[in-house]
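Listing of query_12.cif; format and content: mmCIF, C-alpha atoms.
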```cif
data_structure
loop_
_atom_site.label_atom_id
_atom_site.label_comp_id
_atom_site.auth_asym_id
_atom_site.auth_seq_id
_atom_site.Cartn_x
_atom_site.Cartn_y
_atom_site.Cartn_z
CA MET A 1 85.61 71.49 108.95
CA TYR A 2 85.15 74.43 111.30
CA ILE A 3 86.53 76.81 108.67
CA ILE A 4 84.20 75.42 106.01
CA ARG A 5 81.18 75.89 108.31
CA ARG A 6 82.26 79.48 109.00
CA ILE A 7 82.54 80.20 105.27
CA VAL A 8 79.14 78.69 104.52
CA ALA A 9 77.61 80.71 107.35
CA ILE A 10 79.10 83.96 106.06
CA MET A 11 78.07 83.26 102.45
CA SER A 12 74.45 82.74 103.56
CA LEU A 13 74.13 86.09 105.33
CA PRO A 14 71.47 88.54 104.13
CA LEU A 15 72.66 91.06 101.53
CA ALA A 16 72.20 94.04 103.86
CA LEU A 17 74.42 92.44 106.49
CA ILE A 18 77.02 91.49 103.89
CA MET A 19 77.21 95.14 102.84
CA LEU A 20 77.85 96.09 106.44
CA ILE A 21 80.58 93.45 106.67
CA THR A 22 82.36 94.81 103.61
CA GLY A 23 82.26 98.24 105.11
CA ILE A 24 79.97 101.25 105.02
CA SER A 25 81.78 104.10 106.71
CA ALA A 26 80.15 105.98 109.56
CA VAL A 27 82.49 108.98 109.19
CA THR A 28 80.65 112.31 109.34
CA PRO A 29 80.88 114.77 106.42
CA SER A 30 82.94 117.23 108.47
CA ARG A 31 85.38 114.50 109.52
CA GLN A 32 85.59 113.25 105.94
CA LYS A 33 86.55 116.74 104.77
CA GLU A 34 89.24 116.88 107.44
CA LEU A 35 90.67 113.53 106.29
CA GLU A 36 90.63 114.56 102.64
CA ALA A 37 92.32 117.88 103.44
CA ALA A 38 95.00 116.15 105.51
CA THR A 39 95.68 113.64 102.73
CA GLU A 40 95.82 116.41 100.14
CA ALA A 41 98.32 118.37 102.22
CA SER A 42 100.40 115.26 102.80
CA THR A 43 100.64 114.39 99.10
CA GLN A 44 102.06 117.85 98.51
CA ALA A 45 104.62 117.50 101.31
CA ASP A 46 108.09 116.06 100.94
CA PHE A 47 107.97 112.34 100.24
CA VAL A 48 111.33 110.59 99.94
CA PRO A 49 110.89 106.93 98.94
CA VAL A 50 113.01 104.17 100.40
CA PHE A 51 111.17 101.36 98.58
CA ARG A 52 109.44 101.14 95.21
CA PHE A 53 107.54 98.53 93.20
CA ALA A 54 105.17 98.33 90.22
CA VAL A 55 101.82 96.53 90.10
CA ALA A 56 100.20 95.33 86.88
CA THR A 57 97.20 93.16 86.21
CA ASP A 58 95.43 91.56 83.26
CA VAL A 59 98.39 91.66 80.88
CA HIS A 60 96.71 88.92 78.77
CA ILE A 61 99.78 87.96 76.76
CA ASN A 62 98.42 86.61 73.46
CA ALA A 63 100.52 84.89 70.81
CA ASN A 64 98.31 86.44 68.11
CA ASP A 65 98.44 90.00 69.46
CA SER A 66 101.91 91.52 69.74
CA THR A 67 100.49 94.60 71.47
CA THR A 68 100.19 92.68 74.73
CA ALA A 69 103.92 91.90 74.85
CA THR A 70 104.83 95.41 73.70
CA ARG A 71 102.88 96.97 76.55
CA LEU A 72 104.55 94.78 79.14
CA GLY A 73 107.92 95.82 77.75
CA GLN A 74 106.83 99.46 77.96
CA LEU A 75 105.93 98.95 81.61
CA PHE A 76 109.51 97.96 82.38
CA GLU A 77 110.92 100.81 80.31
CA THR A 78 108.76 103.52 81.89
CA ALA A 79 109.11 102.23 85.46
CA TYR A 80 112.91 102.04 85.19
CA ARG A 81 113.04 105.44 83.52
CA TYR A 82 111.13 106.96 86.42
CA ALA A 83 113.26 105.17 89.02
CA ASP A 84 116.55 106.08 87.32
CA GLY A 85 115.56 109.74 87.15
CA HIS A 86 114.34 110.09 90.73
CA PRO A 87 116.45 112.54 92.72
CA ASP A 88 116.46 110.45 95.92
CA TYR A 89 115.90 106.77 95.21
CA ASN A 90 116.75 104.96 91.97
CA CYS A 91 115.66 101.36 92.45
CA LEU A 92 112.62 99.41 91.25
CA ASP A 93 112.59 96.77 93.97
CA ALA A 94 109.78 94.54 92.69
CA LEU A 95 107.20 93.92 90.00
CA VAL A 96 103.87 92.43 91.11
CA LEU A 97 101.64 90.68 88.55
CA THR A 98 98.17 89.96 89.92
CA GLY A 99 96.90 87.40 87.41
CA ASP A 100 95.63 86.90 83.88
CA ASN A 101 99.23 87.35 82.85
CA CYS A 102 98.45 85.14 79.82
CA ASP A 103 95.25 85.02 77.81
CA SER A 104 94.83 81.23 77.94
CA GLY A 105 97.89 79.90 79.78
CA SER A 106 99.33 78.14 76.74
CA ASP A 107 103.02 77.26 76.52
CA ALA A 108 103.42 79.69 73.61
CA GLU A 109 101.98 82.56 75.68
CA TYR A 110 104.14 81.75 78.70
CA GLU A 111 107.20 81.69 76.45
CA ILE A 112 106.40 85.21 75.25
CA LEU A 113 105.71 86.39 78.79
CA THR A 114 108.95 85.03 80.23
CA ARG A 115 110.95 86.30 77.26
CA VAL A 116 109.70 89.86 77.82
CA ILE A 117 110.42 89.58 81.55
CA ASN A 118 113.91 88.14 81.03
CA GLU A 119 114.81 90.74 78.42
CA ASN A 120 113.70 93.68 80.54
CA LYS A 121 113.81 92.86 84.26
CA ARG A 122 116.93 93.89 86.12
CA GLU A 123 118.49 91.68 88.76
CA GLU A 124 117.61 94.21 91.48
CA THR A 125 113.87 93.75 90.77
CA ALA A 126 112.05 90.85 92.41
CA LEU A 127 109.23 89.26 90.40
CA ILE A 128 106.13 88.36 92.41
CA ALA A 129 103.33 86.80 90.34
CA ILE A 130 100.08 84.94 90.92
CA MET A 131 97.66 83.26 88.52
CA GLY A 132 94.32 84.53 87.30
CA ASN A 133 91.40 82.60 85.86
CA HIS A 134 92.57 82.87 82.23
CA GLU A 135 95.72 80.82 82.82
CA PHE A 136 93.55 77.77 83.45
CA GLY A 137 92.57 77.72 79.78
CA THR A 138 95.43 75.40 78.84
CA THR A 139 98.20 74.45 81.28
CA GLY A 140 96.71 75.42 84.64
CA HIS A 141 98.78 75.27 87.82
CA GLU A 142 101.45 73.10 86.26
CA GLY A 143 102.17 75.56 83.44
CA PHE A 144 102.41 78.53 85.77
CA VAL A 145 104.91 76.84 88.09
CA ARG A 146 106.95 75.40 85.23
CA HIS A 147 107.26 78.62 83.25
CA MET A 148 107.26 81.26 85.98
CA GLY A 149 109.33 79.45 88.59
CA GLN A 150 107.02 80.94 91.24
CA ASP A 151 105.03 79.48 94.11
CA LEU A 152 101.31 79.44 93.44
CA ASP A 153 100.78 81.20 96.76
CA PRO A 154 103.90 83.31 97.32
CA HIS A 155 105.09 84.91 100.54
CA VAL A 156 108.13 86.97 99.64
CA VAL A 157 109.99 89.51 101.76
CA VAL A 158 111.74 92.27 99.81
CA LYS A 159 113.87 94.70 101.82
CA GLY A 160 111.75 94.05 104.89
CA PHE A 161 108.36 94.39 103.15
CA HIS A 162 106.06 91.36 102.98
CA PHE A 163 104.22 90.37 99.78
CA ILE A 164 101.64 87.60 100.13
CA GLY A 165 99.51 86.29 97.27
CA LEU A 166 96.88 83.69 96.43
CA SER A 167 96.42 82.00 93.06
CA PRO A 168 93.00 80.58 92.18
CA ASP A 169 92.38 77.04 93.36
CA PRO A 170 90.99 74.93 91.88
CA SER A 171 90.10 77.34 89.05
CA ASP A 172 88.41 80.61 88.09
CA THR A 173 88.56 83.01 91.10
CA TRP A 174 87.90 80.45 93.82
CA HIS A 175 90.14 80.03 96.89
CA THR A 176 90.00 77.05 99.20
CA PRO A 177 89.48 77.21 102.97
CA LYS A 178 93.04 75.86 103.30
CA GLN A 179 94.37 78.86 101.37
CA ILE A 180 92.41 81.33 103.44
CA ASN A 181 93.69 79.76 106.64
CA TRP A 182 97.22 79.93 105.20
CA MET A 183 96.78 83.63 104.38
CA SER A 184 95.70 84.30 107.95
CA ARG A 185 98.85 82.63 109.31
CA GLN A 186 101.12 84.50 106.91
CA LEU A 187 99.57 87.82 107.87
CA ARG A 188 100.13 87.11 111.54
CA GLU A 189 103.78 86.35 110.84
CA ALA A 190 104.21 89.50 108.75
CA ALA A 191 102.56 91.71 111.36
CA LYS A 192 104.72 90.18 114.08
CA ASP A 193 107.84 90.85 112.01
CA ASP A 194 107.13 94.61 111.94
CA PRO A 195 103.69 95.82 113.08
CA ASP A 196 104.26 99.32 111.66
CA LYS A 197 104.98 98.34 108.06
CA PRO A 198 102.37 97.92 105.34
CA ILE A 199 101.71 94.35 104.24
CA PHE A 200 101.08 93.95 100.52
CA THR A 201 98.67 91.19 99.54
CA MET A 202 97.13 90.18 96.26
CA GLN A 203 94.61 87.85 94.64
CA HIS A 204 93.25 88.10 91.13
CA GLY A 205 89.61 89.00 91.85
CA HIS A 206 88.56 91.99 93.93
CA ILE A 207 86.97 91.65 97.34
CA TRP A 208 83.26 92.06 96.61
CA ASN A 209 81.63 95.47 97.17
CA THR A 210 84.88 97.33 97.72
CA VAL A 211 86.55 98.94 94.68
CA TYR A 212 85.06 99.89 91.31
CA VAL A 213 83.61 96.93 89.36
CA SER A 214 83.88 94.65 92.42
CA ARG A 215 80.10 94.27 92.52
CA SER A 216 80.25 92.73 89.04
CA TRP A 217 83.60 90.91 89.15
CA SER A 218 85.14 89.63 92.36
CA THR A 219 86.71 86.59 93.95
CA GLN A 220 84.16 83.95 94.86
CA MET A 221 85.59 83.79 98.38
CA SER A 222 85.32 87.51 99.06
CA LEU A 223 83.63 87.34 102.44
CA PRO A 224 85.98 84.92 104.23
CA LEU A 225 88.99 86.70 102.71
CA HIS A 226 87.59 90.04 103.81
CA ALA A 227 87.20 88.68 107.33
CA VAL A 228 90.90 87.75 107.33
CA TYR A 229 92.17 91.04 105.85
CA ALA A 230 89.94 93.08 108.18
CA ARG A 231 92.01 92.00 111.18
CA PHE A 232 95.08 93.73 109.73
CA PRO A 233 94.59 97.43 108.93
CA GLN A 234 98.11 97.56 107.46
CA VAL A 235 97.04 95.27 104.60
CA ILE A 236 97.08 96.89 101.16
CA ASN A 237 95.45 94.38 98.86
CA PHE A 238 95.91 94.58 95.06
CA SER A 239 93.59 92.87 92.60
CA GLY A 240 92.39 92.93 89.01
CA HIS A 241 90.13 90.64 86.95
CA SER A 242 87.57 93.42 86.42
CA HIS A 243 89.53 95.58 83.94
CA GLY A 244 88.11 98.66 85.67
CA PRO A 245 89.81 102.00 84.90
CA VAL A 246 92.42 102.75 87.53
CA ASN A 247 91.61 106.47 87.53
CA ASN A 248 88.06 105.89 88.72
CA PRO A 249 87.99 107.45 92.23
CA LEU A 250 86.43 104.26 93.56
CA SER A 251 89.40 102.13 92.44
CA ILE A 252 90.74 102.59 95.96
CA TRP A 253 88.63 101.59 98.97
CA GLN A 254 89.37 101.75 102.67
CA ASN A 255 87.58 100.64 105.77
CA SER A 256 89.35 98.14 108.02
CA TYR A 257 92.17 97.76 105.45
CA THR A 258 92.94 99.08 101.95
CA GLN A 259 91.78 97.49 98.69
CA VAL A 260 93.18 98.74 95.36
CA GLY A 261 92.07 97.92 91.83
CA ALA A 262 95.26 97.89 89.76
CA GLY A 263 93.62 98.85 86.45
CA THR A 264 94.38 96.89 83.29
CA LEU A 265 97.08 96.50 80.66
CA ASN A 266 94.41 95.28 78.25
CA TYR A 267 90.82 96.36 77.61
CA PHE A 268 88.42 98.30 79.87
CA GLU A 269 85.29 96.86 81.45
CA MET A 270 82.83 98.79 83.62
CA GLU A 271 80.47 98.20 86.52
CA ARG A 272 76.95 97.07 85.66
CA ASP A 273 75.41 100.32 86.82
CA ILE A 274 75.05 102.50 83.73
CA GLY A 275 73.95 101.80 80.19
CA ASP A 276 73.60 98.36 78.67
CA ASN A 277 77.20 97.69 77.71
CA THR A 278 79.96 97.13 80.26
CA VAL A 279 82.63 97.09 77.53
CA PRO A 280 82.59 100.66 76.14
CA GLU A 281 83.53 101.81 72.68
CA GLY A 282 87.31 102.19 72.47
CA ALA A 283 87.82 99.74 75.33
CA ARG A 284 91.13 98.55 73.86
CA LYS A 285 92.65 101.97 74.53
CA ALA A 286 93.69 100.80 77.99
CA ALA A 287 97.23 100.34 79.29
CA GLN A 288 97.59 101.26 82.96
CA TYR A 289 99.64 100.15 85.93
CA LEU A 290 100.68 101.43 89.37
CA ILE A 291 103.98 102.64 90.77
CA VAL A 292 103.94 102.27 94.54
CA GLU A 293 106.43 103.89 96.92
CA VAL A 294 107.02 103.72 100.67
CA ASP A 295 109.00 106.26 102.69
CA ALA A 296 110.94 105.91 105.94
CA ASP A 297 107.80 106.70 107.98
CA ASN A 298 105.91 103.85 106.23
CA ARG A 299 103.73 106.28 104.32
CA VAL A 300 102.55 104.68 101.09
CA ARG A 301 102.09 106.53 97.81
CA MET A 302 100.40 104.97 94.76
CA MET A 303 100.65 106.63 91.35
CA PRO A 304 98.75 105.29 88.30
CA TYR A 305 100.71 105.41 85.02
CA ASN A 306 99.24 105.54 81.51
CA LEU A 307 101.39 103.82 78.89
CA LEU A 308 99.34 105.32 76.06
CA THR A 309 100.28 108.87 77.06
CA ASP A 310 103.62 107.83 78.56
CA ASP A 311 102.89 109.86 81.67
CA PHE A 312 101.49 109.60 85.16
CA MET A 313 97.71 109.76 85.08
CA LYS A 314 95.81 112.90 86.00
CA THR A 315 92.79 113.03 88.28
CA PRO A 316 89.47 112.79 86.40
CA ALA A 317 88.29 116.03 88.03
CA THR A 318 87.51 118.73 85.47
CA ASP A 319 88.68 121.76 87.45
CA ASP A 320 92.03 120.91 89.03
CA GLY A 321 94.39 121.89 86.23
CA ASP A 322 95.49 118.39 85.17
CA LYS A 323 96.78 117.51 88.61
CA GLN A 324 98.58 114.17 88.96
CA LEU A 325 96.52 111.37 90.49
CA ILE A 326 98.16 110.20 93.72
CA TRP A 327 96.69 108.01 96.44
CA GLN A 328 98.54 108.35 99.71
CA ILE A 329 98.16 106.57 103.04
CA ASP A 330 99.90 108.34 105.90
CA ASP A 331 99.17 105.82 108.65
CA VAL A 332 98.52 102.31 107.41
CA CYS A 333 97.83 101.07 110.94
CA ASP A 334 95.05 103.52 111.88
CA PRO A 335 91.75 103.16 109.99
CA LYS A 336 90.53 106.34 111.66
CA THR A 337 92.88 108.28 109.38
CA PHE A 338 91.76 106.56 106.16
CA ALA A 339 90.53 109.08 103.59
CA TYR A 340 89.29 106.73 100.83
CA THR A 341 86.20 105.34 102.54
CA SER A 342 82.55 105.30 101.46
CA ALA A 343 82.14 108.53 103.44
CA ARG A 344 83.43 110.29 100.32
CA LYS A 345 79.89 110.08 99.00
CA LYS A 346 78.91 112.62 101.65
CA THR A 347 81.39 115.24 100.44
CA ASP A 348 81.57 114.59 96.69
CA GLY A 349 79.25 117.15 95.13
CA ALA A 350 76.94 116.48 92.21
CA PRO A 351 78.29 117.33 88.75
CA ARG A 352 77.12 120.53 87.08
CA PHE A 353 77.10 121.96 83.61
CA GLY A 354 79.01 125.16 83.00
CA GLU A 355 77.25 128.43 82.37
CA GLY A 356 75.80 128.56 78.88
CA ALA A 357 76.07 124.81 78.27
CA GLU A 358 73.54 123.66 75.68
CA VAL A 359 72.32 120.45 74.08
CA ALA A 360 72.60 120.47 70.28
CA VAL A 361 70.19 118.46 68.14
CA ASP A 362 72.48 117.08 65.44
CA GLY A 363 69.78 115.12 63.65
CA ALA A 364 66.21 113.90 64.18
CA ALA A 365 65.14 110.92 62.10
CA ALA A 366 61.67 109.40 62.14
CA ASP A 367 62.46 107.08 65.06
CA SER A 368 65.62 108.48 66.64
CA VAL A 369 67.53 111.61 67.55
CA THR A 370 71.22 112.38 67.79
CA LEU A 371 72.25 114.87 70.48
CA SER A 372 75.58 116.36 71.45
CA PHE A 373 76.61 118.31 74.51
CA PRO A 374 79.69 119.54 76.39
CA GLN A 375 81.10 117.66 79.37
CA ALA A 376 79.78 118.68 82.76
CA GLU A 377 82.14 119.77 85.52
CA ASP A 378 82.96 117.94 88.74
CA ASP A 379 85.51 118.31 91.55
CA VAL A 380 86.09 114.53 91.56
CA CYS A 381 84.83 112.79 88.41
CA VAL A 382 81.97 113.06 85.94
CA TYR A 383 81.08 109.39 85.55
CA GLY A 384 78.32 109.45 82.95
CA TYR A 385 75.05 110.89 81.68
CA ARG A 386 71.42 109.84 81.63
CA VAL A 387 69.61 111.10 78.53
CA GLN A 388 65.82 111.14 78.85
CA ILE A 389 63.34 111.87 76.08
CA ARG A 390 59.74 112.90 76.78
CA LYS A 391 56.92 113.86 74.47
CA SER A 392 56.43 117.60 74.59
CA GLY A 393 54.44 118.59 77.68
CA LYS A 394 54.45 115.05 79.13
CA LYS A 395 56.12 113.76 82.30
CA LYS A 396 56.47 110.12 81.29
CA VAL A 397 59.86 109.16 79.87
CA ALA A 398 59.40 107.87 76.33
CA ALA A 399 63.00 106.79 75.76
CA GLU A 400 66.19 106.78 77.81
CA LYS A 401 69.87 106.03 77.35
CA GLU A 402 72.91 106.18 79.61
CA ILE A 403 76.46 106.75 78.44
CA TYR A 404 79.86 107.05 80.09
CA SER A 405 81.66 110.38 80.15
CA GLU A 406 84.80 108.61 78.87
CA TYR A 407 86.76 109.97 81.85
CA TYR A 408 88.99 106.89 81.46
CA PHE A 409 90.52 108.29 78.26
CA GLU A 410 93.33 110.84 78.43
CA PRO A 411 92.61 113.45 77.33
CA MET A 412 88.94 113.19 78.21
CA PRO A 413 86.79 114.31 75.22
CA GLU A 414 85.38 117.81 75.59
CA ARG A 415 82.09 116.94 73.92
CA LEU A 416 79.93 113.81 73.63
CA SER A 417 77.36 112.57 71.14
CA VAL A 418 74.53 110.11 71.72
CA THR A 419 71.77 108.61 69.57
CA VAL A 420 68.49 107.62 71.23
CA ASP A 421 66.15 105.24 69.39
CA GLY A 422 62.54 104.17 69.87
CA LEU A 423 60.81 107.46 69.03
CA GLU A 424 57.63 108.11 67.00
CA ALA A 425 57.66 109.85 63.66
CA GLY A 426 56.44 113.42 63.34
CA THR A 427 56.31 113.95 67.10
CA GLY A 428 57.56 116.79 69.27
CA TYR A 429 59.94 115.82 72.08
CA GLU A 430 61.94 117.37 74.92
CA ALA A 431 65.39 115.99 75.75
CA SER A 432 67.13 116.21 79.13
CA VAL A 433 70.79 115.39 79.74
CA ILE A 434 71.50 114.60 83.41
CA PRO A 435 75.13 114.38 84.62
CA LEU A 436 76.08 111.63 87.10
CA ASN A 437 79.04 111.33 89.47
CA VAL A 438 80.72 108.06 90.48
CA TRP A 439 78.13 107.54 93.22
CA LEU A 440 75.38 107.99 90.57
CA ASP A 441 74.26 111.23 92.22
CA ARG A 442 72.45 113.46 89.72
CA GLY A 443 73.30 117.00 88.76
CA GLU A 444 70.96 119.57 87.23
CA PRO A 445 70.09 118.75 83.60
CA ILE A 446 70.30 120.76 80.42
CA GLY A 447 67.90 120.15 77.56
CA ALA A 448 66.59 120.82 74.08
CA SER A 449 63.38 120.43 72.08
CA PHE A 450 63.02 118.76 68.69
CA THR A 451 60.53 117.12 66.34
CA THR A 452 61.19 113.79 64.66
CA ALA A 453 60.87 113.49 60.90
CA GLY A 454 57.41 112.69 59.52
CA ASN A 455 56.31 109.33 58.06
#
```
Show me, as structure tokens, the structure contained in the file I just sent.
Amino acid sequence: MYIIRRIVAIMSLPLALIMLITGISAVTPSRQKELEAATEASTQADFVPVFRFAVATDVHINANDSTTATRLGQLFETAYRYADGHPDYNCLDALVLTGDNCDSGSDAEYEILTRVINENKREETALIAIMGNHEFGTTGHEGFVRHMGQDLDPHVVVKGFHFIGLSPDPSDTWHTPKQINWMSRQLREAAKDDPDKPIFTMQHGHIWNTVYVSRSWSTQMSLPLHAVYARFPQVINFSGHSHGPVNNPLSIWQNSYTQVGAGTLNYFEMERDIGDNTVPEGARKAAQYLIVEVDADNRVRMMPYNLLTDDFMKTPATDDGDKQLIWQIDDVCDPKTFAYTSARKKTDGAPRFGEGAEVAVDGAAADSVTLSFPQAEDDVCVYGYRVQIRKSGKKKVAAEKEIYSEYYFEPMPERLSVTVDGLEAGTGYEASVIPLNVWLDRGEPIGASFTTAGN
């Protein structure tokens, strides 16, 4: 009863206080630059893994869509290929599936899922899986246990590394107070076993207000779970549910522990912060997972992999020469060294258009205009664009539209096109295209003038 009262109390806190609980970093800009520089130097230093596993989420095996099974098979093939070819360490020690492994949890879907796993998984690789909300569509808890042969809430130790997971209970992304209390006990045991090692945890939904898309899609028990994880800085928590692109810089979050969005093996979905459609055009072109490695000093390296390009993903920055995207944690036990905090907002510059960049008017109808323009540049990620249309000589915005930069596609398109509706016939207008970074900070716009067609 005490735990329930604590949860109710936390859930009723004012929004501003909740945001503080989930972590707004107080790191200064100069300190943030130091942390980023140290992490950058470390990722370029020698890293010899002694442990390796893959993390996938939102596989959504569907009996009517063979692509879902094919992609899971490709995950095994690419992960083993990488491991077999590594000069120092050749084992894939585990595969972690963080829920929505099946699209509806039917027996037919589970049979496909287990067939792909049995045909591809080597004996050396431990399987650690939890449920998502989609598995409740048909067989629920009973089907998961029967087909997967896994505990609903696993605590597995692989070569000295602890993996602890929570499946939804009773359904959707809910977790009971009993589960949260259990997670707290398991974390204490894992930390006591070896306080210097990372502890890998997972639940299907993100912890709210941490990684990208967690404000829109998260576990319904985010705050009490956050309170548990926050006592263990060595926790690295993996989650999915949101289908957010793994190469978004905000797909990793650190404050008192580390939260990681594991991407999606199915379609993309975005945060509700730009445009009017969270499922973008081409959303099905999504097949991402993580390869995670640990070295003898307990440094952790996470490398997103893109099955559609059959290669490790590149950073979404436009000026780093297609550099591989690597997240590295050098000291999992010291939050003061964490580089992926909200303090990044202080050092991430606004996007900018290159010299000579222009907006082209590709067509002006009576009530709409189609514009095209080159991508802006950014040291981290160009997230999207706000296109504003004003009547010539007026300050009031007559029409507006926001679009994504499509940074989540590889390669990222060099040029974008957008059509803005709601204009008046035979009227002169001025268009402005404003670039936005992942924090929604604005860069300087470029523009063009046009006149819509007459009546």
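Here CA of Ile207 in chain A is placed at a distance of 8.2 Å from CA of Ser239 in chain A.
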Do you know which residues are at most 6 Å from range 344-356 of chain A counting only C-alpha atoms, after dropping those on the same chain fewer than 2 positions away, and could you put them as a PDB file with C-alpha atoms, in the frame of the given file?
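Result went into around-v3.pdb, see below:
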```pdb
ATOM      1  CA  PRO A  29      80.880 114.770 106.420  1.00  0.00           C
ATOM      2  CA  SER A 342      82.550 105.300 101.460  1.00  0.00           C
ATOM      3  CA  ALA A 376      79.780 118.680  82.760  1.00  0.00           C
ATOM      4  CA  GLU A 377      82.140 119.770  85.520  1.00  0.00           C
ATOM      5  CA  ASP A 378      82.960 117.940  88.740  1.00  0.00           C
ATOM      6  CA  PRO A 435      75.130 114.380  84.620  1.00  0.00           C
ATOM      7  CA  ASP A 441      74.260 111.230  92.220  1.00  0.00           C
ATOM      8  CA  ARG A 442      72.450 113.460  89.720  1.00  0.00           C
ATOM      9  CA  GLY A 443      73.300 117.000  88.760  1.00  0.00           C
TER      10      GLY A 443
END
```
**Q.** Residue neighbourhood Cys91 in chain A, 9 Å, all atoms listed in the file, exclusion window fewer than 6 positions, as a ChimeraX atom specification
**A.** /A:50-53,80,83-84,124-125
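Each of A:Gly263, A:Pro411, A:Gly105, A:Pro335 was checked against Pro316 in chain A using all atoms listed in the file; the smallest atom-to-atom distance is that of A:Pro411.
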Q: Please provide as a ChimeraX atom specification all residues within 7 Å of Asn62 in chain A, with the sequence filter that same-chain residues fewer than 6 positions apart are discarded (counting all atoms listed in the file).
A: /A:68,102-103,109
